[in-house]
$ cat my_file.txt   # compact mmCIF, C-alpha atoms
# COMPACT_ATOMS: atom_id res chain seq x y z
CA LEU A 234 25.92 23.80 13.34
CA ALA A 235 29.49 24.22 14.59
CA ASP A 236 28.68 27.62 16.07
CA GLN A 237 25.70 26.11 17.98
CA SER A 238 23.17 27.87 15.72
CA SER A 239 20.48 26.09 13.72
CA ARG A 240 18.84 26.55 10.34
CA GLN A 241 16.15 24.90 8.25
CA GLU A 242 17.33 22.34 5.71
CA THR A 243 15.47 20.71 2.84
CA TRP A 244 15.92 16.99 2.28
CA TYR A 245 14.77 15.19 -0.85
CA GLN A 246 13.85 11.54 -1.07
CA LEU A 247 14.71 10.08 -4.46
CA ARG A 248 13.50 6.70 -5.69
CA ILE A 249 15.34 5.30 -8.69
CA PRO A 250 13.61 2.31 -10.32
CA ILE A 251 16.53 0.15 -11.40
CA GLU A 252 14.48 -1.73 -14.00
CA SER A 253 13.74 1.54 -15.84
CA TYR A 254 17.34 2.11 -16.93
CA ASN A 255 18.23 4.35 -19.89
CA LYS A 256 20.89 2.17 -21.49
CA LYS A 257 22.90 -1.02 -20.99
CA ILE A 258 26.66 -1.26 -21.43
CA GLY A 259 28.09 -4.66 -22.31
CA ASN A 260 26.30 -7.99 -22.26
CA ILE A 261 25.01 -7.93 -18.66
CA PRO A 262 21.78 -9.99 -18.79
CA ASP A 263 19.97 -9.00 -15.59
CA PHE A 264 20.38 -7.86 -11.96
CA LYS A 265 21.25 -11.25 -10.45
CA SER A 266 25.01 -10.68 -10.20
CA ILE A 267 25.79 -7.07 -9.30
CA ARG A 268 29.29 -6.46 -7.84
CA PHE A 269 29.77 -2.70 -8.16
CA ILE A 270 27.63 0.44 -8.14
CA ARG A 271 28.91 3.82 -9.29
CA MET A 272 26.83 6.96 -8.91
CA PHE A 273 27.60 10.41 -10.28
CA LEU A 274 25.82 13.77 -10.65
CA THR A 275 26.04 16.10 -13.64
CA GLY A 276 24.70 19.45 -14.80
CA PHE A 277 26.11 21.72 -12.07
CA ASP A 278 27.69 25.11 -12.88
CA ASP A 279 29.79 25.14 -9.70
CA SER A 280 31.06 22.72 -7.08
CA VAL A 281 28.41 21.49 -4.64
CA VAL A 282 28.30 19.48 -1.43
CA VAL A 283 25.79 16.63 -1.33
CA ARG A 284 24.86 15.00 1.97
CA PHE A 285 23.25 11.56 2.02
CA GLY A 286 21.01 10.80 4.95
CA LYS A 287 20.62 7.21 3.81
CA LEU A 288 21.47 5.24 0.70
CA ALA A 289 19.86 1.82 0.43
CA LEU A 290 18.48 -0.76 -1.92
CA VAL A 291 14.80 -1.28 -1.26
CA ARG A 292 12.59 -4.16 -2.29
CA ASN A 293 8.82 -4.30 -2.14
CA THR A 294 6.71 -7.44 -2.13
CA TRP A 295 3.86 -5.35 -3.55
CA ARG A 296 4.17 -4.66 -7.28
CA LYS A 297 2.37 -2.15 -9.46
CA PHE A 298 -0.45 -3.56 -11.55
CA GLU A 299 0.54 -2.25 -14.97
CA TYR A 300 -2.87 -2.67 -16.61
CA LYS A 301 -6.34 -1.18 -16.38
CA LEU A 302 -8.60 -2.84 -13.84
CA ASP A 303 -11.43 -4.88 -15.34
CA THR A 304 -12.94 -8.36 -15.26
CA THR A 305 -12.74 -9.13 -18.98
CA GLY A 306 -9.29 -10.70 -18.93
CA ASN A 307 -8.25 -8.50 -21.87
CA TYR A 308 -5.62 -6.42 -20.11
CA SER A 309 -4.71 -3.11 -21.73
CA PRO A 310 -1.54 -1.29 -20.58
CA GLU A 311 -1.97 1.51 -18.05
CA VAL A 312 0.31 4.51 -17.53
CA THR A 313 1.66 4.35 -13.97
CA ASN A 314 4.11 7.27 -14.01
CA ASP A 315 1.75 9.19 -11.71
CA PHE A 316 1.54 6.29 -9.25
CA ASN A 317 4.12 5.78 -6.49
CA VAL A 318 4.36 2.75 -4.24
CA GLY A 319 6.31 3.18 -1.03
CA ALA A 320 6.10 2.85 2.73
CA VAL A 321 5.71 5.01 5.81
CA ASN A 322 6.92 3.90 9.22
CA ILE A 323 6.90 4.96 12.83
CA GLU A 324 10.66 5.56 13.08
CA GLU A 325 11.14 7.75 10.00
CA ASN A 326 7.73 9.42 9.61
CA ASP A 327 6.66 10.15 13.21
CA LYS A 328 7.15 13.88 12.49
CA ARG A 329 5.66 13.79 9.02
CA ALA A 330 3.69 16.91 7.99
CA PRO A 331 0.84 17.60 7.99
CA LEU A 332 -0.15 14.24 9.54
CA PRO A 333 2.53 12.45 11.60
CA TYR A 334 2.43 8.69 11.19
CA ARG A 335 1.25 6.63 14.13
CA THR A 336 0.76 2.90 14.55
CA PRO A 337 -2.92 1.84 14.72
CA SER A 338 -3.93 1.61 18.37
CA ASP A 339 -4.80 -2.09 18.06
CA ILE A 340 -1.33 -2.98 16.77
CA GLN A 341 1.46 -3.78 19.24
CA ARG A 342 5.01 -3.35 17.98
CA VAL A 343 7.15 -6.47 18.22
CA GLN A 344 9.89 -6.39 20.84
CA THR A 345 13.36 -7.77 20.31
CA LEU A 346 16.17 -8.31 22.79
CA SER A 347 19.37 -6.44 22.04
CA ASN A 348 22.89 -7.73 22.72
CA ASN A 349 23.07 -5.85 26.04
CA GLY A 350 19.73 -7.25 27.25
CA VAL A 351 17.60 -4.19 26.52
CA ASN A 352 14.15 -4.68 24.99
CA LEU A 353 13.84 -2.72 21.75
CA LEU A 354 10.70 -2.07 19.71
CA GLN A 355 10.99 -3.11 16.09
CA ASN A 356 9.96 -0.70 13.38
CA GLU A 357 6.35 -0.82 12.15
CA GLN A 358 5.36 0.40 8.71
CA SER A 359 2.48 0.61 6.27
CA LEU A 360 2.17 0.37 2.51
CA SER A 361 1.80 3.82 0.93
CA LEU A 362 0.04 4.44 -2.40
CA GLN A 363 0.34 7.92 -3.94
CA PHE A 364 -1.45 8.83 -7.15
CA CYS A 365 -2.75 11.88 -8.98
CA GLY A 366 -4.93 12.62 -12.00
CA LEU A 367 -7.23 9.69 -11.33
CA ASN A 368 -10.15 9.73 -13.74
CA GLN A 369 -13.76 8.90 -12.87
CA ASN A 370 -14.24 5.12 -12.45
CA ASP A 371 -10.49 4.58 -12.96
CA GLY A 372 -8.17 2.82 -10.53
CA LYS A 373 -4.57 2.16 -9.55
CA ALA A 374 -3.55 -1.14 -8.00
CA VAL A 375 -0.75 -3.13 -6.43
CA PHE A 376 -0.68 -6.89 -6.09
CA GLN A 377 1.16 -9.71 -4.38
CA THR A 378 1.09 -13.33 -5.54
CA PHE A 379 1.57 -16.55 -3.59
CA ALA A 380 2.35 -20.12 -4.60
CA SER A 381 -0.73 -21.22 -2.64
CA ARG A 382 -2.00 -19.65 0.57
CA ASP A 383 -4.51 -21.48 2.78
CA LEU A 384 -6.70 -19.01 4.71
CA ARG A 385 -9.14 -21.57 6.10
CA GLN A 386 -7.20 -21.70 9.38
CA PHE A 387 -7.94 -18.00 10.00
CA GLY A 388 -11.18 -16.51 11.24
CA SER A 389 -11.00 -13.00 9.82
CA LEU A 390 -9.01 -10.68 7.60
CA LYS A 391 -8.15 -7.21 8.94
CA LEU A 392 -6.71 -4.21 7.15
CA TYR A 393 -6.26 -0.63 8.37
CA ILE A 394 -6.77 2.03 5.69
CA HIS A 395 -6.00 5.75 5.86
CA ALA A 396 -6.89 8.28 3.15
CA GLU A 397 -5.79 11.88 2.78
CA THR A 398 -5.55 14.41 -0.02
CA PRO A 399 -3.03 17.22 -0.67
CA ARG A 400 -4.05 20.79 0.05
CA GLY A 401 -6.08 22.38 -2.70
CA THR A 402 -7.43 19.11 -4.07
CA GLN A 403 -11.21 18.87 -4.45
CA LEU A 404 -12.00 15.48 -2.98
CA ASN A 405 -14.82 14.52 -0.62
CA ASP A 406 -15.66 11.61 1.62
CA ASN A 407 -16.66 8.46 -0.31
CA ASP A 408 -15.16 9.77 -3.57
CA LEU A 409 -12.42 7.15 -3.22
CA VAL A 410 -13.08 3.43 -2.86
CA ALA A 411 -10.63 0.82 -1.59
CA ASP A 412 -10.99 -2.44 -3.50
CA ILE A 413 -9.53 -5.65 -2.04
CA ARG A 414 -9.55 -8.77 -4.19
CA LEU A 415 -8.28 -12.20 -3.16
CA GLY A 416 -8.57 -15.45 -5.05
CA SER A 417 -6.81 -17.83 -7.39
CA ASP A 418 -6.57 -15.03 -10.00
CA PHE A 419 -7.65 -11.40 -10.43
CA VAL A 420 -9.91 -11.91 -13.46
CA SER A 421 -12.43 -14.71 -13.09
CA ASN A 422 -12.06 -16.31 -9.63
CA TYR A 423 -11.89 -13.97 -6.65
CA TYR A 424 -13.67 -12.44 -3.68
CA GLU A 425 -13.90 -8.66 -3.56
CA VAL A 426 -14.53 -6.14 -0.78
CA ARG A 427 -15.25 -2.51 -1.69
CA ILE A 428 -14.88 0.14 1.02
CA PRO A 429 -15.91 3.79 0.48
CA LEU A 430 -13.21 5.89 2.16
CA LYS A 431 -13.51 8.88 4.44
CA LEU A 432 -10.70 11.43 4.42
CA THR A 433 -8.67 12.45 7.45
CA PRO A 434 -8.62 16.27 7.74
CA LEU A 435 -5.13 17.73 7.37
CA ASN A 436 -5.55 20.08 10.34
CA THR A 437 -6.82 17.89 13.17
CA GLY A 438 -5.56 20.15 15.97
CA LEU A 439 -4.99 17.02 18.06
CA ASN A 440 -1.98 15.72 19.93
CA PRO A 441 -0.41 13.08 17.63
CA ASP A 442 0.11 10.79 20.62
CA SER A 443 -3.53 10.92 21.73
CA LYS A 444 -6.15 8.26 21.13
CA GLU A 445 -8.38 10.87 19.47
CA TYR A 446 -5.70 11.56 16.85
CA ASN A 447 -5.19 7.84 16.23
CA ASP A 448 -8.93 7.35 15.72
CA THR A 449 -8.92 10.26 13.26
CA LEU A 450 -5.88 8.93 11.39
CA TRP A 451 -7.29 5.40 11.15
CA ILE A 452 -11.03 6.00 10.72
CA GLN A 453 -12.99 2.97 11.86
CA SER A 454 -15.33 2.84 8.84
CA ASN A 455 -12.32 2.70 6.48
CA ASN A 456 -10.95 -0.47 8.02
CA LEU A 457 -11.45 -3.94 6.62
CA ASN A 458 -12.53 -6.51 9.19
CA VAL A 459 -14.24 -9.32 7.32
CA ASP A 460 -15.24 -12.67 8.77
CA LEU A 461 -13.93 -15.15 6.19
CA TYR A 462 -16.95 -17.33 6.81
CA GLN A 463 -19.07 -14.49 5.38
CA LEU A 464 -17.26 -14.86 2.07
CA THR A 465 -18.07 -18.57 1.82
CA GLN A 466 -21.68 -17.76 2.75
CA LEU A 467 -21.71 -15.18 -0.03
CA LYS A 468 -20.57 -17.79 -2.55
CA ASN A 469 -23.24 -20.22 -1.31
CA ALA A 470 -25.89 -17.52 -1.75
CA ARG A 471 -24.66 -16.91 -5.29
CA ASN A 472 -24.76 -20.64 -6.05
CA LEU A 473 -28.38 -20.83 -4.86
CA SER A 474 -29.35 -17.89 -7.07
CA SER A 475 -29.62 -17.73 -10.84
CA THR A 476 -26.48 -15.59 -11.19
CA PRO A 477 -23.96 -17.08 -13.67
CA LEU A 478 -20.48 -17.91 -12.35
CA ASN A 479 -18.85 -15.40 -14.70
CA THR A 480 -20.97 -12.51 -13.37
CA LEU A 481 -20.00 -10.50 -10.31
CA PHE A 482 -22.45 -11.26 -7.47
CA SER A 483 -22.58 -8.51 -4.80
CA GLN A 484 -24.22 -7.86 -1.45
CA LEU A 485 -24.23 -4.54 0.41
CA GLN A 486 -23.32 -4.97 4.09
CA SER A 487 -24.72 -3.08 7.05
CA ASN A 488 -21.40 -1.22 7.49
CA GLY A 489 -21.63 0.28 3.99
CA GLN A 490 -19.06 -2.09 2.47
CA THR A 491 -19.86 -4.31 -0.51
CA TYR A 492 -18.83 -7.97 -0.67
CA SER A 493 -18.69 -9.67 -4.08
CA VAL A 494 -17.70 -12.96 -5.66
CA ILE A 495 -17.05 -14.09 -9.21
CA GLY A 496 -16.13 -17.53 -10.49
CA ASN A 497 -15.18 -20.23 -8.00
CA PRO A 498 -12.53 -18.88 -5.59
CA ASN A 499 -11.28 -21.15 -2.83
CA LEU A 500 -10.02 -19.81 0.52
CA GLY A 501 -7.85 -22.91 0.74
CA ASP A 502 -5.96 -21.93 -2.41
CA ILE A 503 -5.39 -18.18 -2.55
CA GLY A 504 -2.98 -17.20 -5.31
CA GLY A 505 -2.80 -13.46 -4.71
CA ILE A 506 -4.30 -10.29 -3.28
$ encode --input "my_file.txt" --output "structure tokens"
Amino acid sequence: LADQSSRQETWYQLRIPIESYNKKIGNIPDFKSIRFIRMFLTGFDDSVVVRFGKLALVRNTWRKFEYKLDTTGNYSPEVTNDFNVGAVNIEENDKRAPLPYRTPSDIQRVQTLSNNGVNLLQNEQSLSLQFCGLNQNDGKAVFQTFASRDLRQFGSLKLYIHAETPRGTQLNDNDLVADIRLGSDFVSNYYEVRIPLKLTPLNTGLNPDSKEYNDTLWIQSNNLNVDLYQLTQLKNARNLSSTPLNTLFSQLQSNGQTYSVIGNPNLGDIGGI
């Protein structure tokens, strides 16, 4: 403060979904030609001072899946008000409580050269999924679609997964399962990897910059590291069995993860994940 003293302040992060507007004035058809934005606050009994740390428009290539997860193709709408999709990053969440965010130890941040010749580290961030009130055998999902993605040039698919629960929530290791599907669609032609998740304790007592903390934040058994050739072998094994194409064919792996296939997915023509 001006008198050199300090005090605790509370900051709120607000996300306003622009597609969920309350009313439309005039004949504006969509959001493709926006020239002005006006924002105002109401409901105060006295004058207030509002400080904005950052005001920005944010886009996300991952979209909420608005339906219940199944393999029937008969999608029924799902309530997603208790499901938030966001991001955490090393520059804004390095002091996050109770678990500060850290980049996985195997990931190296990209360097960029500034105008004065100084090497700067670019920001690194992760997709964040927050949900509550999840029923038994229920799920929440996000998805990303492609025109056509050829994965045959790659040897493996890696994904780092972290799981934590708020204080006071009764949740144990392996109660949550991460489900990764990739294929030409999400109903009848895809590969699936199911990973039972272990929770990171909220009070690790470790230095956030230590390797031990990083290994606790990104638990090895939670991570996806699948050899893509294993998926094609799985489909060959299904084809040699008596399992119908429209039935999910699964194999439990030695690491506790389950690989499955349904239909006739092609790694040379991936339409989404």
$ residues_near_point --input "my_file.txt" --point "(-6.7, 10.3, 14.6)" --cutoff "12 Å" --atoms "all atoms listed in the file" --output "ChimeraX atom specification"
/A:332-338,395-397,432-453
$ closest_residue --input "my_file.txt" --among "A:Val282, A:Leu302, A:Leu485, A:Leu247" --to "Lys373 in chain A" --atoms "only C-alpha atoms"
A:Leu302
$ residues_around --input "my_file.txt" --residues "Ala320 in chain A" --least-positions-apart "5" --cutoff "9 Å" --atoms "all atoms listed in the file" --output "ChimeraX atom specification"
/A:358-362
$ atom_distance --input "my_file.txt" --atom1 "CA of Asp408 in chain A" --atom2 "CA of Asn317 in chain A"
19.9 Å
$ residues_around --input "my_file.txt" --residues "range 467-474 of chain A" --least-positions-apart "3" --cutoff "8 Å" --atoms "all atoms listed in the file" --output "PyMOL selection string"
chain A and resi 463-464+482+484+492-494
$ residues_around --input "my_file.txt" --residues "Gly505 in chain A" --least-positions-apart "6" --cutoff "10 Å" --atoms "only C-alpha atoms" --output "PyMOL selection string"
chain A and resi 376-382+414-419+423
$ atom_distance --input "my_file.txt" --atom1 "CA of Arg329 in chain A" --atom2 "CA of Phe316 in chain A"
20.2 Å
$ closest_residue --input "my_file.txt" --among "A:Arg248, A:Leu390, A:Lys256, A:Ile506" --to "Trp295 in chain A" --atoms "all atoms listed in the file"
A:Ile506
$ atom_distance --input "my_file.txt" --atom1 "CA of Ser253 in chain A" --atom2 "CA of Glu325 in chain A"
26.7 Å
$ residues_around --input "my_file.txt" --residues "Leu384 in chain A" --least-positions-apart "2" --cutoff "7 Å" --atoms "all atoms listed in the file" --output "ChimeraX atom specification"
/A:382,386-387,500-501
$ write_last_selection --input "my_file.txt" --atoms "C-alpha atoms" --output "mmCIF file, keeping the file's coordinate frame"
data_model
loop_
_atom_site.group_PDB
_atom_site.id
_atom_site.type_symbol
_atom_site.label_atom_id
_atom_site.label_comp_id
_atom_site.auth_asym_id
_atom_site.auth_seq_id
_atom_site.Cartn_x
_atom_site.Cartn_y
_atom_site.Cartn_z
ATOM 1 C CA ARG A 382 -2.000 -19.650 0.570
ATOM 2 C CA GLN A 386 -7.200 -21.700 9.380
ATOM 3 C CA PHE A 387 -7.940 -18.000 10.000
ATOM 4 C CA LEU A 500 -10.020 -19.810 0.520
ATOM 5 C CA GLY A 501 -7.850 -22.910 0.740
#
